[in-house]
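Q: Compact mmCIF, C-alpha atoms, saved as work08.txt, coming up:
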# COMPACT_ATOMS: atom_id res chain seq x y z
CA MET A 19 -38.27 37.96 99.89
CA VAL A 20 -36.98 40.51 97.41
CA VAL A 21 -35.27 39.27 94.27
CA ALA A 22 -32.50 41.45 92.93
CA GLY A 23 -33.33 42.90 89.56
CA ASN A 24 -29.88 43.19 88.04
CA ALA A 25 -28.46 40.03 86.50
CA ILE A 26 -24.81 39.14 86.92
CA ALA A 27 -23.03 39.27 83.56
CA LEU A 28 -20.93 36.12 83.50
CA SER A 29 -19.60 33.73 80.90
CA GLY A 30 -17.75 30.46 80.59
CA THR A 31 -16.13 29.12 83.75
CA LYS A 32 -17.49 31.87 86.00
CA LEU A 33 -21.05 31.11 84.89
CA SER A 34 -20.51 27.41 85.54
CA ASP A 35 -19.02 28.17 88.95
CA GLU A 36 -21.99 30.34 89.86
CA PHE A 37 -24.41 27.61 88.83
CA GLY A 38 -22.46 25.15 90.95
CA ARG A 39 -22.66 27.52 93.91
CA GLY A 40 -26.43 27.51 93.56
CA LEU A 41 -26.45 23.72 93.34
CA LYS A 42 -24.47 23.41 96.58
CA ALA A 43 -26.90 25.75 98.32
CA TYR A 44 -29.86 23.77 97.01
CA ASP A 45 -28.37 20.44 98.12
CA ALA A 46 -27.83 21.96 101.57
CA LYS A 47 -31.54 22.94 101.56
CA GLN A 48 -30.56 26.61 101.60
CA TYR A 49 -33.34 27.32 99.16
CA PRO A 50 -33.54 31.13 99.34
CA ALA A 51 -29.80 31.37 98.62
CA ALA A 52 -30.04 28.88 95.74
CA PHE A 53 -32.99 30.74 94.28
CA GLN A 54 -31.20 34.09 94.41
CA ILE A 55 -28.07 32.69 92.76
CA TRP A 56 -29.97 31.00 89.93
CA TRP A 57 -32.29 33.97 89.46
CA GLN A 58 -29.28 36.20 88.80
CA ILE A 59 -27.99 33.95 85.98
CA LYS A 60 -31.25 32.54 84.59
CA ASP A 61 -31.07 34.67 81.44
CA GLN A 62 -27.62 33.25 80.65
CA ASP A 63 -28.05 29.64 81.71
CA LEU A 64 -30.99 27.44 80.64
CA ALA A 65 -30.50 24.99 83.49
CA ALA A 66 -30.67 27.85 86.00
CA MET A 67 -33.76 29.17 84.26
CA ARG A 68 -35.50 25.81 84.57
CA ASN A 69 -34.45 25.43 88.22
CA VAL A 70 -35.89 28.83 89.07
CA ALA A 71 -39.18 27.83 87.49
CA LEU A 72 -39.27 24.54 89.40
CA MET A 73 -38.66 26.38 92.69
CA LEU A 74 -41.45 28.84 91.90
CA ARG A 75 -43.79 25.92 91.16
CA LYS A 76 -43.04 24.37 94.55
CA GLY A 77 -42.58 27.52 96.60
CA LEU A 78 -38.98 26.67 97.47
CA GLY A 79 -36.80 29.66 98.34
CA ALA A 80 -39.45 32.06 97.04
CA PRO A 81 -43.23 32.44 97.30
CA LYS A 82 -45.10 29.93 95.18
CA ASP A 83 -45.95 31.58 91.87
CA PRO A 84 -47.21 29.20 89.14
CA ARG A 85 -47.87 31.97 86.64
CA LYS A 86 -44.33 33.29 86.87
CA ALA A 87 -43.04 29.71 86.65
CA GLU A 88 -45.11 29.17 83.52
CA ALA A 89 -43.74 32.32 81.87
CA ILE A 90 -40.15 31.27 82.61
CA LEU A 91 -40.71 27.73 81.37
CA ARG A 92 -42.23 29.04 78.14
CA THR A 93 -38.97 30.84 77.46
CA ALA A 94 -36.85 27.77 78.28
CA ALA A 95 -39.13 25.44 76.30
CA ALA A 96 -38.93 27.72 73.25
CA THR A 97 -35.18 27.07 73.06
CA GLY A 98 -35.90 23.36 72.53
CA MET A 99 -34.96 22.22 76.05
CA PRO A 100 -36.84 18.89 76.47
CA ASN A 101 -36.87 19.03 80.29
CA ALA A 102 -38.49 22.46 80.23
CA GLN A 103 -41.00 21.31 77.58
CA VAL A 104 -42.06 18.42 79.81
CA ASP A 105 -42.22 20.64 82.91
CA LEU A 106 -44.46 23.13 81.10
CA ALA A 107 -46.64 20.35 79.66
CA GLN A 108 -47.14 18.97 83.18
CA MET A 109 -48.24 22.42 84.35
CA TYR A 110 -50.84 22.52 81.57
CA LEU A 111 -52.02 18.98 82.27
CA ASN A 112 -52.29 19.61 86.01
CA GLY A 113 -53.84 23.05 85.67
CA GLU A 114 -51.20 24.60 87.91
CA ALA A 115 -51.50 28.15 86.56
CA GLY A 116 -55.10 28.04 85.36
CA PRO A 117 -57.63 25.54 84.04
CA PRO A 118 -56.09 22.29 82.71
CA SER A 119 -55.20 22.59 79.03
CA PRO A 120 -54.22 19.25 77.48
CA LYS A 121 -54.21 20.80 74.00
CA ARG A 122 -51.37 23.13 74.99
CA ALA A 123 -49.44 20.19 76.41
CA VAL A 124 -49.57 18.09 73.23
CA PRO A 125 -47.05 19.99 71.03
CA LEU A 126 -44.63 20.32 73.95
CA LEU A 127 -44.75 16.59 74.66
CA LYS A 128 -44.38 15.75 70.97
CA HIS A 129 -41.17 17.81 70.76
CA ALA A 130 -39.82 16.26 73.96
CA ALA A 131 -40.77 12.75 72.84
CA ASP A 132 -39.02 13.28 69.49
CA ALA A 133 -35.92 14.35 71.43
CA GLY A 134 -35.95 11.03 73.31
CA HIS A 135 -37.24 12.28 76.67
CA PRO A 136 -38.69 9.21 78.48
CA LEU A 137 -41.16 11.12 80.66
CA GLY A 138 -42.34 13.13 77.67
CA GLN A 139 -42.89 9.90 75.75
CA TYR A 140 -44.79 8.35 78.65
CA LEU A 141 -47.08 11.34 79.20
CA LEU A 142 -47.83 11.59 75.48
CA GLY A 143 -48.50 7.85 75.43
CA GLN A 144 -51.06 8.31 78.20
CA MET A 145 -52.80 10.98 76.13
CA TYR A 146 -53.03 8.68 73.11
CA GLU A 147 -54.22 5.80 75.27
CA GLU A 148 -56.98 7.93 76.79
CA GLY A 149 -57.78 9.99 73.68
CA ASN A 150 -57.02 13.14 75.67
CA ALA A 151 -56.68 16.09 73.23
CA VAL A 152 -55.46 13.61 70.56
CA PRO A 153 -57.25 10.81 68.69
CA LYS A 154 -57.33 7.64 70.77
CA ASP A 155 -54.65 5.32 69.42
CA ILE A 156 -53.57 2.34 71.54
CA ASN A 157 -50.88 1.31 69.06
CA ARG A 158 -49.31 4.77 69.12
CA ALA A 159 -49.52 4.76 72.91
CA ALA A 160 -47.74 1.40 73.02
CA GLU A 161 -44.97 2.69 70.72
CA LEU A 162 -44.41 5.66 73.03
CA TYR A 163 -44.42 3.45 76.13
CA ILE A 164 -41.84 1.18 74.51
CA SER A 165 -39.57 4.13 73.75
CA SER A 166 -40.04 5.42 77.28
CA ALA A 167 -39.29 1.99 78.74
CA ARG A 168 -36.08 1.85 76.70
CA GLY A 169 -35.08 5.03 78.49
CA GLY A 170 -35.58 3.29 81.82
CA LEU A 171 -38.90 4.77 82.98
CA GLN A 172 -40.45 2.14 85.25
CA GLU A 173 -43.98 3.53 84.86
CA ALA A 174 -43.79 2.87 81.12
CA LYS A 175 -42.76 -0.75 81.68
CA GLU A 176 -45.67 -1.22 84.06
CA ARG A 177 -48.11 0.38 81.61
CA LEU A 178 -46.89 -1.94 78.84
CA ALA A 179 -47.54 -4.93 81.06
CA SER A 180 -51.04 -3.63 81.74
CA LEU A 181 -51.73 -3.16 78.04
CA ASP A 182 -50.54 -6.72 77.47
CA GLU A 183 -53.04 -8.00 80.04
CA ASP A 184 -55.88 -5.90 78.61
CA ARG A 185 -55.26 -7.12 75.07
CA THR A 186 -55.03 -10.72 76.17
CA ALA A 187 -58.30 -10.43 78.11
CA LYS A 188 -60.11 -8.92 75.14
CA ARG A 189 -58.52 -11.31 72.63
CA GLY A 190 -57.67 -8.32 70.55
CA PRO A 191 -54.47 -7.61 68.56
CA PRO A 192 -51.26 -9.44 69.53
CA PRO A 193 -50.19 -8.38 73.02
CA VAL A 194 -47.52 -5.77 73.53
CA LYS A 195 -44.59 -7.53 75.20
CA VAL A 196 -42.58 -5.71 77.84
CA ALA A 197 -39.53 -7.47 76.44
CA SER A 198 -39.93 -5.48 73.24
CA ALA A 199 -38.83 -2.43 75.18
CA ALA A 200 -35.26 -3.65 74.71
CA PRO A 201 -34.15 -2.44 71.25
CA ALA A 202 -32.53 -4.77 68.79
CA PRO A 203 -28.75 -4.36 68.35
CA LYS A 204 -27.85 -1.60 65.91
CA GLN A 205 -26.02 -2.44 62.73
CA GLN A 206 -23.24 -0.33 61.26
CA GLY A 207 -24.65 2.66 59.39
CA GLN A 208 -27.98 2.83 61.22
CA ALA A 209 -28.99 5.98 63.06
CA PRO A 210 -28.48 6.10 66.83
CA ALA A 211 -31.36 4.83 68.97
CA ILE A 212 -31.25 8.07 70.96
CA ALA A 213 -33.66 10.30 69.06
CA SER A 214 -31.72 13.53 69.46
CA ALA A 215 -29.84 15.80 67.09
CA TYR A 216 -27.18 16.43 69.73
CA ILE A 217 -25.79 14.10 72.36
CA VAL A 218 -23.80 14.63 75.54
CA GLN A 219 -20.89 12.24 76.10
CA LEU A 220 -20.24 11.44 79.75
CA GLY A 221 -17.09 9.38 79.36
CA SER A 222 -15.33 6.59 77.48
CA PHE A 223 -14.62 3.19 79.04
CA LYS A 224 -12.75 -0.01 78.23
CA SER A 225 -15.76 -2.22 78.97
CA THR A 226 -19.53 -1.99 78.96
CA GLU A 227 -19.49 -2.98 82.64
CA GLU A 228 -17.40 0.07 83.52
CA ALA A 229 -19.67 2.31 81.49
CA GLU A 230 -22.82 0.92 83.12
CA ALA A 231 -21.25 1.28 86.57
CA GLN A 232 -20.59 4.95 85.83
CA TRP A 233 -24.18 5.40 84.67
CA SER A 234 -25.43 3.84 87.92
CA ARG A 235 -23.53 6.55 89.77
CA LEU A 236 -24.60 9.39 87.51
CA LYS A 237 -28.29 8.65 86.97
CA ASN A 238 -29.20 9.98 90.42
CA ASN A 239 -28.25 13.47 89.25
CA PRO A 240 -31.58 15.32 88.72
CA ALA A 241 -30.36 16.56 85.34
CA LEU A 242 -29.98 12.95 84.11
CA ALA A 243 -32.71 11.13 86.01
CA SER A 244 -35.30 11.14 83.20
CA LEU A 245 -32.95 10.93 80.22
CA PRO A 246 -32.25 7.81 78.14
CA HIS A 247 -28.66 6.64 78.00
CA GLN A 248 -26.79 4.53 75.50
CA LEU A 249 -23.37 3.07 74.84
CA GLU A 250 -21.51 3.74 71.61
CA LYS A 251 -18.85 1.26 70.56
CA ALA A 252 -15.73 2.94 69.17
CA ASP A 253 -12.89 0.97 67.58
CA LEU A 254 -9.79 3.15 67.95
CA GLY A 255 -7.34 0.79 66.28
CA GLN A 256 -4.18 0.34 68.33
CA LYS A 257 -5.87 1.98 71.30
CA GLY A 258 -8.46 -0.78 71.32
CA VAL A 259 -12.26 -0.76 71.53
CA TRP A 260 -13.86 1.76 73.86
CA HIS A 261 -17.45 2.29 74.96
CA ARG A 262 -18.77 5.85 75.14
CA LEU A 263 -21.55 6.71 77.58
CA LEU A 264 -24.09 9.00 75.92
CA VAL A 265 -27.34 10.77 76.81
CA ALA A 266 -29.74 12.72 74.62
CA GLY A 267 -28.86 16.39 74.39
CA GLY A 268 -31.88 17.71 72.52
CA PRO A 269 -32.90 18.88 69.05
CA ASP A 270 -30.31 21.67 68.90
CA ARG A 271 -27.05 22.69 70.52
CA LYS A 272 -28.37 25.09 73.19
CA PRO A 273 -30.11 22.56 75.49
CA ALA A 274 -27.19 20.14 75.06
CA ILE A 275 -24.72 22.83 76.14
CA ALA A 276 -26.99 23.76 79.06
CA LEU A 277 -27.10 20.13 80.22
CA CYS A 278 -23.34 19.72 79.90
CA GLY A 279 -22.81 22.99 81.80
CA GLN A 280 -25.05 21.78 84.61
CA LEU A 281 -23.11 18.50 84.83
CA THR A 282 -19.75 20.26 84.71
CA ALA A 283 -20.83 22.49 87.59
CA ALA A 284 -21.53 19.32 89.58
CA GLY A 285 -18.04 17.99 88.80
CA GLN A 286 -18.91 15.65 85.92
CA PRO A 287 -16.83 16.17 82.74
CA CYS A 288 -18.76 15.94 79.47
CA LEU A 289 -18.72 17.05 75.87
CA VAL A 290 -21.42 17.97 73.36
CA ARG A 291 -21.46 16.67 69.81
CA ARG A 292 -23.82 15.96 66.98
CA ALA A 293 -25.49 12.56 66.86
CA THR A 294 -24.08 10.47 64.02
CA ALA A 295 -24.95 7.14 62.42
CA GLN A 296 -22.68 4.75 64.26
CA SER A 297 -22.76 1.26 65.73
CA LEU A 298 -24.39 1.61 69.15
CA THR A 299 -24.95 -0.91 71.89
CA ALA A 300 -28.25 -0.09 73.55
CA ALA A 301 -28.31 0.13 77.32
CA SER A 302 -31.09 -1.12 79.53
CA GLY A 303 -31.53 2.18 81.36
CA LYS A 304 -32.06 0.38 84.66
Can you dump the structure from the file as structure tokens?
A:
Amino acid sequence: MVVAGNAIALSGTKLSDEFGRGLKAYDAKQYPAAFQIWWQIKDQDLAAMRNVALMLRKGLGAPKDPRKAEAILRTAAATGMPNAQVDLAQMYLNGEAGPPSPKRAVPLLKHAADAGHPLGQYLLGQMYEEGNAVPKDINRAAELYISSARGGLQEAKERLASLDEDRTAKRGPPPVKVASAAPAPKQQGQAPAIASAYIVQLGSFKSTEEAEAQWSRLKNNPALASLPHQLEKADLGQKGVWHRLLVAGGPDRKPAIALCGQLTAAGQPCLVRRATAQSLTAASGK
């Protein structure tokens, strides 16, 4: 398959529409068409850039090319996009484009973990638990698993339970309780539980039940599947109390805008804003 060399110069709505066209082709398993569409806009759209790399890793719509995928993910990861950082770290851990290199994965996972990425937190926790390219530190591993479990990653919850059993068997330090994965309620003035400089708001609802129901519908979107979510309580006076559905957007505005653009292309309205110290009601992530 020959990939066209000239990128399509698009912006705003047209760029979003083109991304959505690629998404429809991908969902229809028309992988070569999806790859071509996203390849043309990858230099203008971070989500498209990451999708191209994922397809090259798997050999979907184009010949499998781990080295090219790695080069593309390095560019996306350098912008601060947590999903791309985790993807690239996994390539290094798995040795997909060369010998395994855990040391190269560590800084990527640390950035992603700091941005609140559950899978990044879990993978980094595994490295601390095993002493793989970092000093072995079970307590640090448990902290990362707890954060990951708060974001809804089932593997982290299971690993916490296993650590609990191991500690009990060895009569070591107090066991790590899976229940501790649920954060304590935030008080007014505290920083948001989502560890991210920017957040993406997915809607505002009159009840927490409505907000959680919306999350249950949205979390199957690949762009949201590994992200933590949270509810922010907003008292709007005469308009009443509303509950905003939020996800981590990343350490700077670019990855947050890329995520929102990807969601908009799939028909989900959203907005990007800075994270602020407000009263938040933590969600279970289930």
Q: Name the closest residue to Glu88 of chain A among the candidates A:Asp45, A:Asp270, A:Glu148, A:Asp105; distances are taken between atoms, counting only C-alpha atoms.
A: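 Using only C-alpha atoms, Glu88 of chain A sits closest to A:Asp105.
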Q: Which residues, protein or nucleic acid, reach to within 10 Å of (-31.9, 13.6, 73.2) in the file's coordinates when using only C-alpha atoms, and can you give that as a JSON list (two decimals) with C-alpha atoms, keeping the file's coordinate frame?
A:
[["chain", "number", "residue", "atom", "x", "y", "z"],
["A", 99, "MET", "CA", -34.96, 22.22, 76.05],
["A", 100, "PRO", "CA", -36.84, 18.89, 76.47],
["A", 130, "ALA", "CA", -39.82, 16.26, 73.96],
["A", 131, "ALA", "CA", -40.77, 12.75, 72.84],
["A", 132, "ASP", "CA", -39.02, 13.28, 69.49],
["A", 133, "ALA", "CA", -35.92, 14.35, 71.43],
["A", 134, "GLY", "CA", -35.95, 11.03, 73.31],
["A", 135, "HIS", "CA", -37.24, 12.28, 76.67],
["A", 136, "PRO", "CA", -38.69, 9.21, 78.48],
["A", 211, "ALA", "CA", -31.36, 4.83, 68.97],
["A", 212, "ILE", "CA", -31.25, 8.07, 70.96],
["A", 213, "ALA", "CA", -33.66, 10.30, 69.06],
["A", 214, "SER", "CA", -31.72, 13.53, 69.46],
["A", 215, "ALA", "CA", -29.84, 15.80, 67.09],
["A", 216, "TYR", "CA", -27.18, 16.43, 69.73],
["A", 217, "ILE", "CA", -25.79, 14.10, 72.36],
["A", 218, "VAL", "CA", -23.80, 14.63, 75.54],
["A", 245, "LEU", "CA", -32.95, 10.93, 80.22],
["A", 246, "PRO", "CA", -32.25, 7.81, 78.14],
["A", 247, "HIS", "CA", -28.66, 6.64, 78.00],
["A", 264, "LEU", "CA", -24.09, 9.00, 75.92],
["A", 265, "VAL", "CA", -27.34, 10.77, 76.81],
["A", 266, "ALA", "CA", -29.74, 12.72, 74.62],
["A", 267, "GLY", "CA", -28.86, 16.39, 74.39],
["A", 268, "GLY", "CA", -31.88, 17.71, 72.52],
["A", 269, "PRO", "CA", -32.90, 18.88, 69.05],
["A", 270, "ASP", "CA", -30.31, 21.67, 68.90],
["A", 273, "PRO", "CA", -30.11, 22.56, 75.49],
["A", 274, "ALA", "CA", -27.19, 20.14, 75.06],
["A", 293, "ALA", "CA", -25.49, 12.56, 66.86]]
Q: Report, in Å with one decimal, the straight-line distance from atom CA of Gly113 of chain A to atom CA of His129 of chain A.
A: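 So the two atoms, atom CA of Gly113 of chain A and atom CA of His129 of chain A, lie 20.3 Å apart.
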Q: Determine, counting only C-alpha atoms, which protein, DNA and RNA residues have an atom within 8 Å of an atom of Gln280 of chain A; residues of the same chain fewer than 6 positions away are not included. Present the result as a list in words.
A: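 So the residues in contact are Ser34, Phe37, Gly38, Ala65 and Ala241 of chain A.
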Q: Given all atoms listed in the file as the basis, pick out the residue of A:Phe53, A:Val152, A:Leu178, A:Gln103 nearest to Lys121 of chain A.
A: A:Val152
Q: Near Val104 of chain A, within 9 Å and counting only C-alpha atoms, which residues show up once chain neighbours fewer than 3 positions away are dropped, as a list in words?
A: Ala95, Met99, Pro100, Asn101, Ala107, Gln108, Met109, Ala123, Leu126, Leu127, Ala130, His135, Leu137, Gly138 and Leu141 of chain A
Q: Can you pull out the residues contacting Ala284 of chain A? Cut-off 10 Å, using only C-alpha atoms, and skip same-chain residues under 5 positions away; I want them as number ranges by chain.
A: A: 34-35, 37-39, 41-42, 239, 278-279
Q: Pull C-alpha atoms from the residues just selected and write them as a tab-separated table (two decimals), in the coordinates of the input.
A:
chain	number	residue	atom	x	y	z
A	34	SER	CA	-20.51	27.41	85.54
A	35	ASP	CA	-19.02	28.17	88.95
A	37	PHE	CA	-24.41	27.61	88.83
A	38	GLY	CA	-22.46	25.15	90.95
A	39	ARG	CA	-22.66	27.52	93.91
A	41	LEU	CA	-26.45	23.72	93.34
A	42	LYS	CA	-24.47	23.41	96.58
A	239	ASN	CA	-28.25	13.47	89.25
A	278	CYS	CA	-23.34	19.72	79.90
A	279	GLY	CA	-22.81	22.99	81.80
Q: Quick one: distance from atom CA of Trp260 of chain A to atom CA of Thr226 of chain A in Å, one decimal?
A: 8.5 Å
Q: Just the number, please: distance in Å from atom CA of Leu162 of chain A to atom CA of Leu111 of chain A, one decimal.
A: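 Answer for the atom CA of Leu162 of chain A to atom CA of Leu111 of chain A separation: 17.9 Å.
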Q: For a quick check of your reading of the model, name the residues lying within 9 Å of the coordinate (-33.4, 27.9, 95.5), counting only C-alpha atoms, and write them as JSON, numbers by chain.
A: {"A": [40, 41, 43, 44, 47, 48, 49, 50, 51, 52, 53, 54, 55, 56, 57, 69, 70, 73, 74, 78, 79, 80]}
Q: When distances are computed from only C-alpha atoms, which of A:Gln172, A:Asn150, A:Gln62, A:Gln286 shows the smallest separation from Ser119 of chain A?
A: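 That would be A:Asn150, the residue with the smallest distance to Ser119 of chain A.
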Q: Write out N, CA and C atoms for segment 127-147 of chain A, as a tab-separated table (two decimals), in the frame of the given file.
A:
chain	number	residue	atom	x	y	z
A	127	LEU	N	-45.10	17.99	74.43
A	127	LEU	CA	-44.75	16.59	74.66
A	127	LEU	C	-44.27	15.92	73.38
A	128	LYS	N	-44.83	16.32	72.24
A	128	LYS	CA	-44.38	15.75	70.97
A	128	LYS	C	-42.93	16.13	70.71
A	129	HIS	N	-42.57	17.38	70.96
A	129	HIS	CA	-41.17	17.81	70.76
A	129	HIS	C	-40.24	17.06	71.72
A	130	ALA	N	-40.65	16.95	72.98
A	130	ALA	CA	-39.82	16.26	73.96
A	130	ALA	C	-39.70	14.78	73.64
A	131	ALA	N	-40.79	14.17	73.20
A	131	ALA	CA	-40.77	12.75	72.84
A	131	ALA	C	-39.84	12.51	71.65
A	132	ASP	N	-39.90	13.40	70.67
A	132	ASP	CA	-39.02	13.28	69.49
A	132	ASP	C	-37.56	13.42	69.88
A	133	ALA	N	-37.29	14.17	70.96
A	133	ALA	CA	-35.92	14.35	71.43
A	133	ALA	C	-35.45	13.20	72.30
A	134	GLY	N	-36.34	12.21	72.54
A	134	GLY	CA	-35.95	11.03	73.31
A	134	GLY	C	-36.15	11.17	74.80
A	135	HIS	N	-37.02	12.08	75.24
A	135	HIS	CA	-37.24	12.28	76.67
A	135	HIS	C	-38.24	11.23	77.18
A	136	PRO	N	-37.82	10.31	78.05
A	136	PRO	CA	-38.69	9.21	78.48
A	136	PRO	C	-39.99	9.66	79.13
A	137	LEU	N	-39.93	10.67	80.01
A	137	LEU	CA	-41.16	11.12	80.66
A	137	LEU	C	-42.09	11.78	79.65
A	138	GLY	N	-41.52	12.54	78.72
A	138	GLY	CA	-42.34	13.13	77.67
A	138	GLY	C	-43.03	12.06	76.83
A	139	GLN	N	-42.31	10.99	76.51
A	139	GLN	CA	-42.89	9.90	75.75
A	139	GLN	C	-44.01	9.22	76.53
A	140	TYR	N	-43.78	9.02	77.82
A	140	TYR	CA	-44.79	8.35	78.65
A	140	TYR	C	-46.07	9.19	78.77
A	141	LEU	N	-45.91	10.49	79.05
A	141	LEU	CA	-47.08	11.34	79.20
A	141	LEU	C	-47.87	11.46	77.89
A	142	LEU	N	-47.15	11.54	76.78
A	142	LEU	CA	-47.83	11.59	75.48
A	142	LEU	C	-48.52	10.26	75.20
A	143	GLY	N	-47.87	9.16	75.59
A	143	GLY	CA	-48.50	7.85	75.43
A	143	GLY	C	-49.81	7.76	76.20
A	144	GLN	N	-49.82	8.30	77.42
A	144	GLN	CA	-51.06	8.31	78.20
A	144	GLN	C	-52.17	9.07	77.47
A	145	MET	N	-51.80	10.18	76.84
A	145	MET	CA	-52.80	10.98	76.13
A	145	MET	C	-53.38	10.22	74.96
A	146	TYR	N	-52.52	9.48	74.22
A	146	TYR	CA	-53.03	8.68	73.11
A	146	TYR	C	-53.86	7.50	73.62
A	147	GLU	N	-53.47	6.93	74.72
A	147	GLU	CA	-54.22	5.80	75.27
A	147	GLU	C	-55.63	6.23	75.69
